[in-house]
Amino acid sequence: MKLIFGRPAGLTDVKQRYCPGCGHGIVHRLVAELLVELNIRERAVGIAPVGCSVFADEYFNCDMIQPPHGRGPAVATGIKRARPDCILFSYQGDGDLAAIGTAETVHAAARNENITLIFINNAIYGMTGGQLAPTTLPGMRSTTSVQGRDIVKQGYPIKVCELLAGLDGPYYLVRCAVNTPKNIIRTKKALKTAFQNQINNKGFSLVEILSMCPTGWGMTPVQAKKWIGEVMSKYYPLGEFRNLAKEEK
Amino acid sequence: MPEVKILEEICKGCGLCCDGVCPVDILILSPDRINSSGYHPAMVTDMKKCIGCGYCYITCPEPAIEVYK
């Protein structure tokens, strides 16, 4: 008997402290598999966000840094410019990347910085208790919008991929989901492209991933998985928003 | 013959692998077993039917599933 699917070497043996059914674990595993497959684990530097995945430095078996809230792309820029041989990935949630870190994200994209951003969109502030996030859907309930998000009072959500697609800078922008095995395989493909772009010095790549937060959404993990397919992916359509590699051909 | 091994102490009983992910539908949450974290871990009902596709591993957030072939 030979092990064909098992814990990748890019993950440490630490038991992850996420809620049951959280999408973070799936994305962690995909990134860890790619660190091994692309043989970049020794020179990879990960940026842990502020949020549920703030302990990502304990889970990834590579060098990690934990900068202040939202400053992931800025810190990644600094490390990449000082050590161009390192492979930088900034792992961020929606509170980190789309709220407090919007400026860093937009400017890193506009400069076409040669880094990889992994953006976990779960439409809510998961760690602090399910408050309204910039990505919360119109009409969606959270602990600070108990009647549902009112677009008159709280405005419209930010669609990060569409926002950055308006800039000339970014090289690769894609939105994926982790609700079904098919979408998880596509997500892995997108992450692989994003890492390869950086290895080939192509520039800024952002992979947005629609991820489950069963605790924040007040659903079971299975309901949360279905909700992504039925509701969330309708508002945040999946697919590529920018792929300059195709235009270069 | 492929074989699926559930790491019961790591499993959080979320049930993502049990809901239509397995093409031969042999995964369920164990009704009587419980791990030290208080979760009902997933279990395989009929190992002979397993085709070793690895969809359960792909879906597992922990990952608490290993597939041997």
# chains A, B, ... in the order shown; residues from 1 in each chain; ligands from 1
$ residues_around --residues "Gly21 (chain A)" --least-positions-apart "5" --cutoff "9 Å" --atoms "only C-alpha atoms" --output "list in words"
Met212, Cys213, Pro214, Thr215, Thr220, Pro221, Val222, Ala224 and Lys225 of chain A; Lys12, Gly13, Cys14, Gly15, Leu16, Cys60, Pro61 and Glu62 of chain B
$ residues_around --residues "region 39-48 of chain B" --least-positions-apart "5" --cutoff "8 Å" --atoms "only C-alpha atoms" --output "MDAnalysis selection string"
chainID B and resid 1 3:4 6 8:9 11:13 15 18 26:34
$ interface_residues --of "chain A" --to "chain B" --cutoff "6 Å" --atoms "only C-alpha atoms" --output "VMD selection string"
chain A and resid 1 to 6 20 to 21 25 to 26 221 to 222
$ write_last_selection --atoms "N, CA, C and O atoms" --output "short mmCIF file (atom, residue, chain, number, x, y, z; two decimals), in the first residue's frame"
data_model
loop_
_atom_site.label_atom_id
_atom_site.label_comp_id
_atom_site.auth_asym_id
_atom_site.auth_seq_id
_atom_site.Cartn_x
_atom_site.Cartn_y
_atom_site.Cartn_z
N MET A 1 0.85 -1.20 0.00
CA MET A 1 0.00 0.00 0.00
C MET A 1 0.88 1.24 0.00
O MET A 1 1.78 1.37 0.81
N LYS A 2 0.58 2.14 -0.90
CA LYS A 2 1.36 3.37 -1.01
C LYS A 2 0.45 4.56 -0.76
O LYS A 2 -0.69 4.60 -1.23
N LEU A 3 0.96 5.53 0.01
CA LEU A 3 0.17 6.73 0.31
C LEU A 3 0.07 7.58 -0.96
O LEU A 3 1.08 8.02 -1.49
N ILE A 4 -1.16 7.81 -1.46
CA ILE A 4 -1.29 8.65 -2.65
C ILE A 4 -1.84 10.02 -2.31
O ILE A 4 -1.55 10.99 -2.99
N PHE A 5 -2.65 10.12 -1.26
CA PHE A 5 -3.11 11.43 -0.80
C PHE A 5 -2.89 11.50 0.70
O PHE A 5 -3.41 10.66 1.43
N GLY A 6 -2.13 12.49 1.17
CA GLY A 6 -1.89 12.63 2.60
C GLY A 6 -1.32 14.00 2.91
O GLY A 6 -1.03 14.77 1.99
N PRO A 20 -14.88 23.76 12.60
CA PRO A 20 -15.19 22.69 11.66
C PRO A 20 -15.79 23.25 10.37
O PRO A 20 -16.66 24.10 10.41
N GLY A 21 -15.28 22.79 9.23
CA GLY A 21 -15.82 23.21 7.94
C GLY A 21 -15.27 24.52 7.42
O GLY A 21 -15.76 25.04 6.41
N GLY A 25 -8.50 25.82 6.01
CA GLY A 25 -7.73 24.57 6.02
C GLY A 25 -7.49 24.06 4.61
O GLY A 25 -6.40 23.57 4.29
N ILE A 26 -8.53 24.17 3.75
CA ILE A 26 -8.40 23.67 2.38
C ILE A 26 -7.35 24.50 1.63
O ILE A 26 -6.47 23.95 0.96
N PRO A 221 -21.61 23.39 8.15
CA PRO A 221 -20.62 23.39 7.07
C PRO A 221 -21.21 23.01 5.71
O PRO A 221 -20.86 23.59 4.69
N VAL A 222 -22.14 22.05 5.71
CA VAL A 222 -22.73 21.60 4.44
C VAL A 222 -23.63 22.69 3.86
O VAL A 222 -23.61 22.97 2.65
#
$ select_by_dssp --residues "chain B" --states "alpha helix (DSSP H)" --output "list in words"
Tyr55, Cys56, Tyr57, Ile58 and Thr59 of chain B
$ decode --residues "region 44-67 of chain B" --atoms "N, CA, C and O atoms" --output "mmCIF file, in the first residue's frame"
data_model
loop_
_atom_site.group_PDB
_atom_site.id
_atom_site.type_symbol
_atom_site.label_atom_id
_atom_site.label_comp_id
_atom_site.auth_asym_id
_atom_site.auth_seq_id
_atom_site.Cartn_x
_atom_site.Cartn_y
_atom_site.Cartn_z
ATOM 1 N N VAL B 44 -15.772 5.202 7.272
ATOM 2 C CA VAL B 44 -16.076 4.553 5.998
ATOM 3 C C VAL B 44 -17.010 3.385 6.262
ATOM 4 O O VAL B 44 -16.774 2.578 7.158
ATOM 5 N N THR B 45 -18.103 3.306 5.497
ATOM 6 C CA THR B 45 -19.072 2.227 5.748
ATOM 7 C C THR B 45 -18.675 0.942 5.017
ATOM 8 O O THR B 45 -18.831 -0.135 5.558
ATOM 9 N N ASP B 46 -18.167 1.069 3.795
ATOM 10 C CA ASP B 46 -17.845 -0.144 3.026
ATOM 11 C C ASP B 46 -16.568 0.096 2.223
ATOM 12 O O ASP B 46 -16.616 0.662 1.128
ATOM 13 N N MET B 47 -15.437 -0.303 2.792
ATOM 14 C CA MET B 47 -14.140 0.008 2.174
ATOM 15 C C MET B 47 -13.970 -0.669 0.816
ATOM 16 O O MET B 47 -13.239 -0.184 -0.038
ATOM 17 N N LYS B 48 -14.685 -1.787 0.592
ATOM 18 C CA LYS B 48 -14.517 -2.517 -0.672
ATOM 19 C C LYS B 48 -14.970 -1.690 -1.874
ATOM 20 O O LYS B 48 -14.507 -1.884 -2.984
ATOM 21 N N LYS B 49 -15.914 -0.748 -1.635
ATOM 22 C CA LYS B 49 -16.447 0.044 -2.748
ATOM 23 C C LYS B 49 -15.520 1.186 -3.147
ATOM 24 O O LYS B 49 -15.695 1.782 -4.210
ATOM 25 N N CYS B 50 -14.531 1.512 -2.304
ATOM 26 C CA CYS B 50 -13.691 2.695 -2.532
ATOM 27 C C CYS B 50 -12.941 2.586 -3.868
ATOM 28 O O CYS B 50 -12.393 1.541 -4.209
ATOM 29 N N ILE B 51 -12.934 3.708 -4.644
ATOM 30 C CA ILE B 51 -12.242 3.709 -5.934
ATOM 31 C C ILE B 51 -10.943 4.524 -5.877
ATOM 32 O O ILE B 51 -10.247 4.653 -6.875
ATOM 33 N N GLY B 52 -10.637 5.101 -4.709
ATOM 34 C CA GLY B 52 -9.371 5.822 -4.538
ATOM 35 C C GLY B 52 -9.267 7.112 -5.326
ATOM 36 O O GLY B 52 -8.194 7.510 -5.754
ATOM 37 N N CYS B 53 -10.399 7.822 -5.532
ATOM 38 C CA CYS B 53 -10.370 9.055 -6.320
ATOM 39 C C CYS B 53 -9.738 10.209 -5.537
ATOM 40 O O CYS B 53 -9.232 11.162 -6.127
ATOM 41 N N GLY B 54 -9.793 10.153 -4.200
ATOM 42 C CA GLY B 54 -9.181 11.200 -3.381
ATOM 43 C C GLY B 54 -10.033 12.438 -3.187
ATOM 44 O O GLY B 54 -9.565 13.437 -2.644
ATOM 45 N N TYR B 55 -11.315 12.404 -3.634
ATOM 46 C CA TYR B 55 -12.174 13.585 -3.445
ATOM 47 C C TYR B 55 -12.373 13.910 -1.962
ATOM 48 O O TYR B 55 -12.485 15.062 -1.591
ATOM 49 N N CYS B 56 -12.417 12.889 -1.104
ATOM 50 C CA CYS B 56 -12.591 13.119 0.331
ATOM 51 C C CYS B 56 -11.386 13.878 0.874
ATOM 52 O O CYS B 56 -11.525 14.839 1.635
ATOM 53 N N TYR B 57 -10.187 13.500 0.425
ATOM 54 C CA TYR B 57 -8.962 14.188 0.858
ATOM 55 C C TYR B 57 -8.953 15.626 0.346
ATOM 56 O O TYR B 57 -8.615 16.557 1.067
ATOM 57 N N ILE B 58 -9.372 15.819 -0.922
ATOM 58 C CA ILE B 58 -9.371 17.151 -1.519
ATOM 59 C C ILE B 58 -10.312 18.080 -0.758
ATOM 60 O O ILE B 58 -10.040 19.262 -0.584
ATOM 61 N N THR B 59 -11.445 17.538 -0.270
ATOM 62 C CA THR B 59 -12.442 18.360 0.411
ATOM 63 C C THR B 59 -12.109 18.604 1.871
ATOM 64 O O THR B 59 -12.592 19.570 2.460
ATOM 65 N N CYS B 60 -11.299 17.744 2.484
ATOM 66 C CA CYS B 60 -11.081 17.818 3.935
ATOM 67 C C CYS B 60 -10.243 19.032 4.307
ATOM 68 O O CYS B 60 -9.137 19.219 3.813
ATOM 69 N N PRO B 61 -10.740 19.917 5.192
ATOM 70 C CA PRO B 61 -9.964 21.095 5.561
ATOM 71 C C PRO B 61 -8.765 20.802 6.471
ATOM 72 O O PRO B 61 -7.910 21.660 6.623
ATOM 73 N N GLU B 62 -8.704 19.644 7.101
ATOM 74 C CA GLU B 62 -7.693 19.469 8.164
ATOM 75 C C GLU B 62 -6.254 19.198 7.711
ATOM 76 O O GLU B 62 -5.371 19.887 8.219
ATOM 77 N N PRO B 63 -5.844 18.324 6.844
ATOM 78 C CA PRO B 63 -6.554 17.188 6.267
ATOM 79 C C PRO B 63 -6.466 15.959 7.181
ATOM 80 O O PRO B 63 -5.385 15.566 7.583
ATOM 81 N N ALA B 64 -7.623 15.398 7.480
ATOM 82 C CA ALA B 64 -7.693 14.255 8.390
ATOM 83 C C ALA B 64 -7.905 12.959 7.632
ATOM 84 O O ALA B 64 -8.273 11.957 8.227
ATOM 85 N N ILE B 65 -7.716 12.978 6.320
ATOM 86 C CA ILE B 65 -7.969 11.791 5.512
ATOM 87 C C ILE B 65 -6.702 11.435 4.736
ATOM 88 O O ILE B 65 -6.041 12.315 4.177
ATOM 89 N N GLU B 66 -6.355 10.165 4.761
ATOM 90 C CA GLU B 66 -5.246 9.671 3.948
ATOM 91 C C GLU B 66 -5.792 8.593 3.024
ATOM 92 O O GLU B 66 -6.636 7.803 3.433
ATOM 93 N N VAL B 67 -5.310 8.576 1.786
ATOM 94 C CA VAL B 67 -5.760 7.569 0.829
ATOM 95 C C VAL B 67 -4.555 6.749 0.400
ATOM 96 O O VAL B 67 -3.523 7.305 0.003
#
